[in-house]
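As stored in data_29.txt (compact mmCIF, C-alpha atoms):
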```txt
# COMPACT_ATOMS: atom_id res chain seq x y z
CA MET A 1204 0.00 0.00 0.00
CA ALA A 1205 1.72 3.21 -1.14
CA ALA A 1206 1.75 6.22 1.17
CA ALA A 1207 -0.15 9.18 -0.17
CA GLU A 1208 1.61 12.46 0.37
CA LEU A 1209 0.10 15.80 -0.36
CA LYS A 1210 2.70 18.40 -1.22
CA THR A 1211 1.03 21.59 -0.21
CA GLU A 1212 2.50 24.46 1.68
CA ASN A 1213 1.50 25.43 5.21
CA VAL A 1214 -0.45 22.25 5.71
CA ASP A 1215 0.54 19.64 8.26
CA VAL A 1216 -0.31 16.41 6.56
CA LYS A 1217 0.28 12.98 8.10
CA PRO A 1218 1.23 10.17 5.70
CA VAL A 1219 -2.19 8.52 6.01
CA GLY A 1220 -1.21 5.62 3.74
CA ASN A 1221 1.56 4.44 6.10
CA ALA A 1222 -0.54 4.72 9.25
CA ALA A 1223 -3.33 2.67 7.67
CA ALA A 1224 -0.87 -0.01 6.54
CA ALA A 1225 0.59 -0.37 10.03
CA ALA A 1226 -2.83 -1.01 11.60
CA SER A 1227 -4.22 -3.27 8.89
CA SER A 1228 -2.57 -6.50 10.09
CA VAL A 1229 -1.90 -8.15 13.42
CA ASN A 1230 0.76 -10.69 14.35
CA VAL A 1231 -0.41 -13.75 16.28
CA ARG A 1232 1.75 -16.49 17.77
CA VAL A 1233 0.25 -19.94 17.25
CA LEU A 1234 1.09 -22.93 19.47
CA PHE A 1235 0.60 -26.53 18.36
CA PHE A 1236 0.14 -29.38 20.86
CA ALA A 1237 0.14 -33.17 20.73
CA ARG A 1238 -1.37 -34.44 17.46
CA ALA A 1239 -1.37 -30.90 16.03
CA ARG A 1240 2.38 -30.80 16.55
CA ASP A 1241 2.74 -34.16 14.76
CA LEU A 1242 0.66 -32.93 11.84
CA THR A 1243 2.40 -29.58 11.36
CA GLY A 1244 5.91 -30.66 12.29
CA ALA A 1245 6.17 -27.49 14.37
CA ALA A 1246 5.69 -26.52 18.00
CA ASP A 1247 4.69 -23.01 17.04
CA THR A 1248 4.43 -20.53 14.19
CA LEU A 1249 3.78 -16.86 13.55
CA LEU A 1250 0.67 -15.73 11.73
CA GLU A 1251 0.00 -12.33 10.21
CA VAL A 1252 -3.71 -11.70 9.64
CA THR A 1253 -5.75 -8.63 8.76
CA SER A 1254 -6.87 -6.51 11.67
CA GLY A 1255 -10.26 -7.62 12.95
CA SER A 1256 -9.68 -11.26 12.03
CA THR A 1257 -11.16 -13.89 14.31
CA ALA A 1258 -9.70 -17.04 15.81
CA GLY A 1259 -11.71 -18.92 13.19
CA ASP A 1260 -10.09 -16.86 10.43
CA CYS A 1261 -6.68 -17.75 11.86
CA LEU A 1262 -7.64 -21.43 11.81
CA ILE A 1263 -8.60 -21.21 8.13
CA GLU A 1264 -5.22 -19.60 7.40
CA LEU A 1265 -3.43 -22.29 9.43
CA ILE A 1266 -5.16 -25.14 7.62
CA ALA A 1267 -4.21 -23.55 4.30
CA ARG A 1268 -0.61 -23.46 5.46
CA PHE A 1269 -0.69 -26.88 7.17
CA PRO A 1270 -3.30 -29.00 5.34
CA GLY A 1271 -2.62 -31.90 7.71
CA LEU A 1272 -4.53 -30.03 10.42
CA GLU A 1273 -7.75 -30.87 8.58
CA GLU A 1274 -7.57 -34.26 10.28
CA ILE A 1275 -8.32 -32.76 13.71
CA ARG A 1276 -10.37 -29.76 12.65
CA GLU A 1277 -13.66 -31.21 13.92
CA CYS A 1278 -12.31 -32.24 17.31
CA MET A 1279 -9.87 -29.49 18.22
CA VAL A 1280 -10.62 -26.54 20.44
CA LEU A 1281 -8.89 -23.16 20.47
CA ALA A 1282 -7.43 -21.14 23.31
CA LEU A 1283 -6.56 -17.45 23.11
CA ASN A 1284 -4.02 -16.19 25.65
CA GLU A 1285 -4.49 -19.34 27.77
CA GLU A 1286 -8.28 -19.17 27.87
CA TYR A 1287 -10.60 -21.35 25.84
CA THR A 1288 -12.20 -19.29 23.10
CA SER A 1289 -14.76 -19.44 20.33
CA ASN A 1290 -14.12 -19.16 16.59
CA SER A 1291 -15.65 -15.68 16.63
CA ALA A 1292 -13.18 -14.13 19.11
CA VAL A 1293 -11.22 -11.30 17.50
CA VAL A 1294 -7.44 -11.65 17.69
CA LYS A 1295 -5.23 -8.71 18.63
CA GLU A 1296 -1.58 -7.89 18.06
CA ASN A 1297 0.74 -10.29 19.93
CA ASP A 1298 -2.08 -12.62 20.95
CA GLU A 1299 -1.22 -16.27 21.52
CA LEU A 1300 -3.51 -18.82 19.88
CA ALA A 1301 -3.27 -22.47 20.93
CA ILE A 1302 -4.46 -25.39 18.80
CA ILE A 1303 -5.75 -27.95 21.29
CA PRO A 1304 -6.54 -31.48 20.07
CA PRO A 1305 -8.63 -33.78 22.33
CA ILE A 1306 -7.00 -33.76 25.76
CA SER A 1307 -6.04 -36.73 27.89
CA GLY A 1308 -4.89 -35.57 31.30
CA GLY A 1309 -5.65 -37.53 34.45
CA MET B 797 -2.39 -22.84 30.66
CA ALA B 798 -2.71 -26.25 32.37
CA VAL B 799 -1.72 -24.70 35.71
CA ARG B 800 -4.16 -21.84 35.14
CA GLN B 801 -6.97 -24.28 34.35
CA ILE B 802 -6.18 -26.38 37.44
CA GLN B 803 -6.26 -23.23 39.58
CA ALA B 804 -9.66 -22.37 38.10
CA ILE B 805 -10.93 -25.84 38.99
CA CYS B 806 -9.67 -25.40 42.56
CA SER B 807 -11.52 -22.08 42.79
CA SER B 808 -14.71 -23.69 41.49
CA ALA B 809 -14.42 -26.46 44.06
CA ARG B 810 -13.96 -23.94 46.87
CA ALA B 811 -16.99 -22.00 45.68
CA THR B 812 -19.17 -25.10 45.85
CA TRP B 813 -17.91 -27.07 48.87
CA LYS B 814 -16.61 -26.11 52.29
CA ILE B 815 -13.06 -27.45 52.01
CA HIS B 816 -9.82 -26.75 53.76
CA ALA B 817 -6.81 -27.64 51.62
CA ILE B 818 -6.35 -28.87 48.07
CA SER B 819 -3.32 -30.43 46.44
CA VAL B 820 -3.07 -31.35 42.75
CA ALA B 821 -0.08 -32.87 40.98
CA HIS B 822 0.28 -34.25 37.44
CA ARG B 823 3.21 -36.18 36.02
CA LEU B 824 4.92 -34.91 32.88
CA GLY B 825 7.28 -36.76 30.57
CA ALA B 826 7.65 -40.54 30.37
CA VAL B 827 5.52 -42.48 32.88
CA PRO B 828 5.98 -46.26 32.96
CA VAL B 829 2.90 -48.49 32.91
CA GLY B 830 1.38 -48.93 36.34
CA GLU B 831 2.65 -45.65 37.76
CA THR B 832 0.40 -42.83 38.87
CA SER B 833 -0.15 -39.90 36.49
CA VAL B 834 -2.32 -37.63 38.61
CA PHE B 835 -2.82 -36.94 42.30
CA ILE B 836 -5.63 -34.91 43.91
CA ALA B 837 -6.03 -34.51 47.65
CA VAL B 838 -8.78 -32.55 49.37
CA SER B 839 -9.29 -32.01 53.10
CA ALA B 840 -12.47 -30.81 54.77
CA VAL B 841 -14.27 -30.92 58.10
CA HIS B 842 -16.96 -33.14 56.58
CA HIS B 843 -15.81 -36.10 54.52
CA ALA B 844 -18.70 -35.75 52.05
CA ASP B 845 -17.44 -32.30 51.04
CA ALA B 846 -13.91 -33.60 50.55
CA LEU B 847 -15.02 -36.59 48.49
CA ASP B 848 -17.51 -34.62 46.35
CA ALA B 849 -14.95 -31.88 45.70
CA CYS B 850 -12.33 -34.47 44.81
CA LYS B 851 -14.64 -36.19 42.32
CA PHE B 852 -15.57 -32.86 40.80
CA MET B 853 -11.92 -31.93 40.40
CA ILE B 854 -10.81 -35.11 38.68
CA ASP B 855 -13.83 -34.97 36.35
CA GLU B 856 -13.10 -31.33 35.49
CA LEU B 857 -9.41 -32.02 35.03
CA LYS B 858 -10.17 -34.77 32.56
CA ALA B 859 -12.61 -32.54 30.68
CA THR B 860 -10.70 -29.26 30.54
CA VAL B 861 -7.03 -29.26 31.53
CA PRO B 862 -4.76 -29.13 28.45
CA ILE B 863 -2.53 -32.10 29.19
CA TRP B 864 -2.01 -34.91 26.68
CA LYS B 865 -1.10 -38.53 27.08
CA LYS B 866 0.54 -40.62 24.39
CA GLU B 867 0.66 -44.36 24.90
CA VAL B 868 3.80 -45.87 23.44
CA TYR B 869 3.63 -49.52 22.40
CA SER B 870 6.36 -51.65 20.92
CA ASN B 871 4.62 -51.44 17.54
CA GLY B 872 3.26 -47.91 17.54
CA GLU B 873 1.87 -45.05 19.57
CA VAL B 874 -1.50 -43.38 20.10
CA TRP B 875 -2.68 -40.10 21.59
CA LYS B 876 -5.33 -40.81 24.19
CA GLU B 877 -8.59 -38.82 24.19
CA ASN B 878 -10.68 -38.35 27.32
CA PRO B 879 -14.39 -39.15 26.88
CA GLU B 880 -14.99 -36.34 29.41
CA PHE B 881 -13.51 -33.84 26.93
CA MET B 882 -15.50 -35.22 23.98
CA GLU B 883 -18.75 -35.18 25.99
CA ARG B 884 -18.12 -31.65 27.24
CA ARG B 885 -17.46 -30.48 23.68
CA SER B 886 -20.70 -31.96 22.40
CA MET B 887 -22.55 -30.11 25.19
CA GLU B 888 -20.89 -26.76 24.47
CA PRO B 889 -23.02 -24.10 22.76
CA ALA B 890 -22.24 -23.67 19.08
CA GLY B 891 -19.37 -21.24 18.63
CA LYS B 892 -17.19 -22.62 21.41
CA ALA B 893 -14.97 -24.56 19.07
CA VAL B 894 -16.73 -25.54 15.86
CA ASP B 895 -19.66 -23.39 14.87
CA ALA B 896 -21.54 -26.01 12.86
CA PRO B 897 -24.51 -26.93 15.12
CA ASN B 898 -24.82 -30.53 14.02
CA VAL B 899 -21.19 -31.53 14.30
CA ALA B 900 -21.05 -34.82 16.11
CA CYS B 901 -17.47 -35.17 17.23
CA ARG B 902 -16.37 -38.69 16.54
CA ARG B 903 -15.76 -40.86 19.54
CA ILE B 904 -12.12 -41.18 18.60
CA CYS B 905 -10.40 -38.34 16.76
CA CYS B 906 -6.66 -38.75 16.84
CA GLY B 907 -6.73 -42.12 18.56
CA ALA B 908 -7.66 -43.92 15.38
CA LYS B 909 -4.52 -42.70 13.66
CA SER B 910 -2.19 -44.98 15.63
CA LYS B 911 -0.03 -47.70 14.16
CA VAL B 912 -1.00 -50.09 16.97
CA SER B 913 -2.53 -53.39 15.94
CA ASP B 914 -1.97 -55.48 19.06
CA GLU B 915 -3.06 -53.76 22.28
CA SER B 916 -1.68 -56.44 24.55
CA THR B 917 1.92 -55.37 24.10
CA ALA B 918 3.64 -53.55 26.94
CA CYS B 919 3.58 -49.79 26.73
CA GLU B 920 4.67 -46.68 28.52
CA MET B 921 2.96 -43.33 28.53
CA ASN B 922 4.39 -40.03 27.38
CA LEU B 923 2.68 -37.09 29.02
CA GLU B 924 3.09 -33.57 27.70
```

Please rewrite the model in this file as structure tokens.
Amino acid sequence: MAAAELKTENVDVKPVGNAAAAASSVNVRVLFFARARDLTGAADTLLEVTSGSTAGDCLIELIARFPGLEEIRECMVLALNEEYTSNSAVVKENDELAIIPPISGG
Amino acid sequence: MAVRQIQAICSSARATWKIHAISVAHRLGAVPVGETSVFIAVSAVHHADALDACKFMIDELKATVPIWKKEVYSNGEVWKENPEFMERRSMEPAGKAVDAPNVACRRICCGAKSKVSDESTACEMNLE
């Protein structure tokens, strides 16, 4: 996205283009556990999504990047910043999203 | 998050029963067959409160605490799945995990993906 600069005298103009670009995406850290770790081959990854994206949107992006995750899509749950969350929760900059396959503690 | 969830379960137990002290411990890493994975102790003036709180806590732990167990056999390995978690998920309102209202989570999700064919072989558990 190119910054738009107005070259006029005596006018204090902020580079609106740059400010908009900075706020248009958020970085989310994603953690994979158990079977999810097996399927992705990674313990974690970084995701950049458009501002206002939901946990569900992040999941769609993750499955596109790691198609193996489709195997557990129906049974996994998500946690945002160590709290269970719904697909509709909006993710913010530096949030931590955990992919949680069926648990087996106890 | 597991510690956080366990603390939340302790708080819930205290809100419901009149109990004195609680202690919860869970093994991590390799656990040989026959050894204990989890320990919950509850003390109270009345034994019914202690026992009810203890039952509640183990049930909640199995349904909600993000800890995983992988059983390792000589011919393969399988991630265990707690029925308590699967049942709790199917009771959750739509939007908790999967928004499709008629999703019936299969009884076994990842468990079916194991390479195990003979379940009578000796195994050890890997907890993470």

Per-residue nearest contacts chain A to chain B, cut-off 12 Å, using all atoms listed in the file, as a tab-separated table:
```
residue	atom	partner	partner_atom	distance
A:Leu1234	CA	B:Met797	CA	11.7
A:Phe1235	CA	B:Pro862	CA	11.7
A:Phe1236	CA	B:Trp864	CA	8.3
A:Ala1237	CA	B:Trp864	CA	6.6
A:Arg1238	CA	B:Cys906	CA	6.9
A:Ala1239	CA	B:Cys906	CA	9.5
A:Arg1240	CA	B:Glu924	CA	11.5
A:Asp1241	CA	B:Trp875	CA	10.6
A:Leu1242	CA	B:Cys906	CA	10.6
A:Thr1257	CA	B:Gly891	CA	11.8
A:Ala1258	CA	B:Ala893	CA	9.7
A:Gly1259	CA	B:Val894	CA	8.7
A:Leu1262	CA	B:Val894	CA	10.8
A:Leu1272	CA	B:Cys906	CA	11.0
A:Glu1273	CA	B:Cys905	CA	11.4
A:Glu1274	CA	B:Cys906	CA	8.0
A:Ile1275	CA	B:Cys905	CA	6.7
A:Arg1276	CA	B:Val894	CA	8.3
A:Glu1277	CA	B:Cys901	CA	6.4
A:Cys1278	CA	B:Cys901	CA	5.9
A:Met1279	CA	B:Ala893	CA	7.1
A:Val1280	CA	B:Ala893	CA	5.0
A:Leu1281	CA	B:Ala893	CA	6.4
A:Ala1282	CA	B:Met797	CA	9.1
A:Leu1283	CA	B:Met797	CA	10.2
A:Asn1284	CA	B:Met797	CA	8.5
A:Glu1285	CA	B:Met797	CA	5.0
A:Glu1286	CA	B:Met797	CA	7.5
A:Tyr1287	CA	B:Lys892	CA	8.0
A:Thr1288	CA	B:Lys892	CA	6.2
A:Ser1289	CA	B:Lys892	CA	4.1
A:Asn1290	CA	B:Ala893	CA	6.0
A:Ser1291	CA	B:Gly891	CA	7.0
A:Ala1292	CA	B:Gly891	CA	9.4
A:Glu1299	CA	B:Met797	CA	11.3
A:Leu1300	CA	B:Met797	CA	11.6
A:Ala1301	CA	B:Met797	CA	9.8
A:Ile1302	CA	B:Pro862	CA	10.4
A:Ile1303	CA	B:Pro862	CA	7.3
A:Pro1304	CA	B:Cys906	CA	8.0
A:Pro1305	CA	B:Glu877	CA	5.4
A:Ile1306	CA	B:Trp864	CA	5.2
A:Ser1307	CA	B:Trp864	CA	4.6
A:Gly1308	CA	B:Ile863	CA	4.7
A:Gly1309	CA	B:Val834	CA	5.3
```

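One distance worth recording is that between CA of Gly1255 in chain A and CA of Phe1269 in chain A, which is 22.3 Å.
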
Subject >> Interatomic distance (Å, one decimal) between CA of Pro828 in chain B and CA of Asn871 in chain B >> reply: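 It comes out at 16.3 Å.
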
**OP:** Measure the distance from CA of Asn1297 in chain A to CA of Gly1244 in chain A in Å and round it to one decimal.
**Re:**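 Result for CA of Asn1297 in chain A versus CA of Gly1244 in chain A: 22.4 Å, one decimal.
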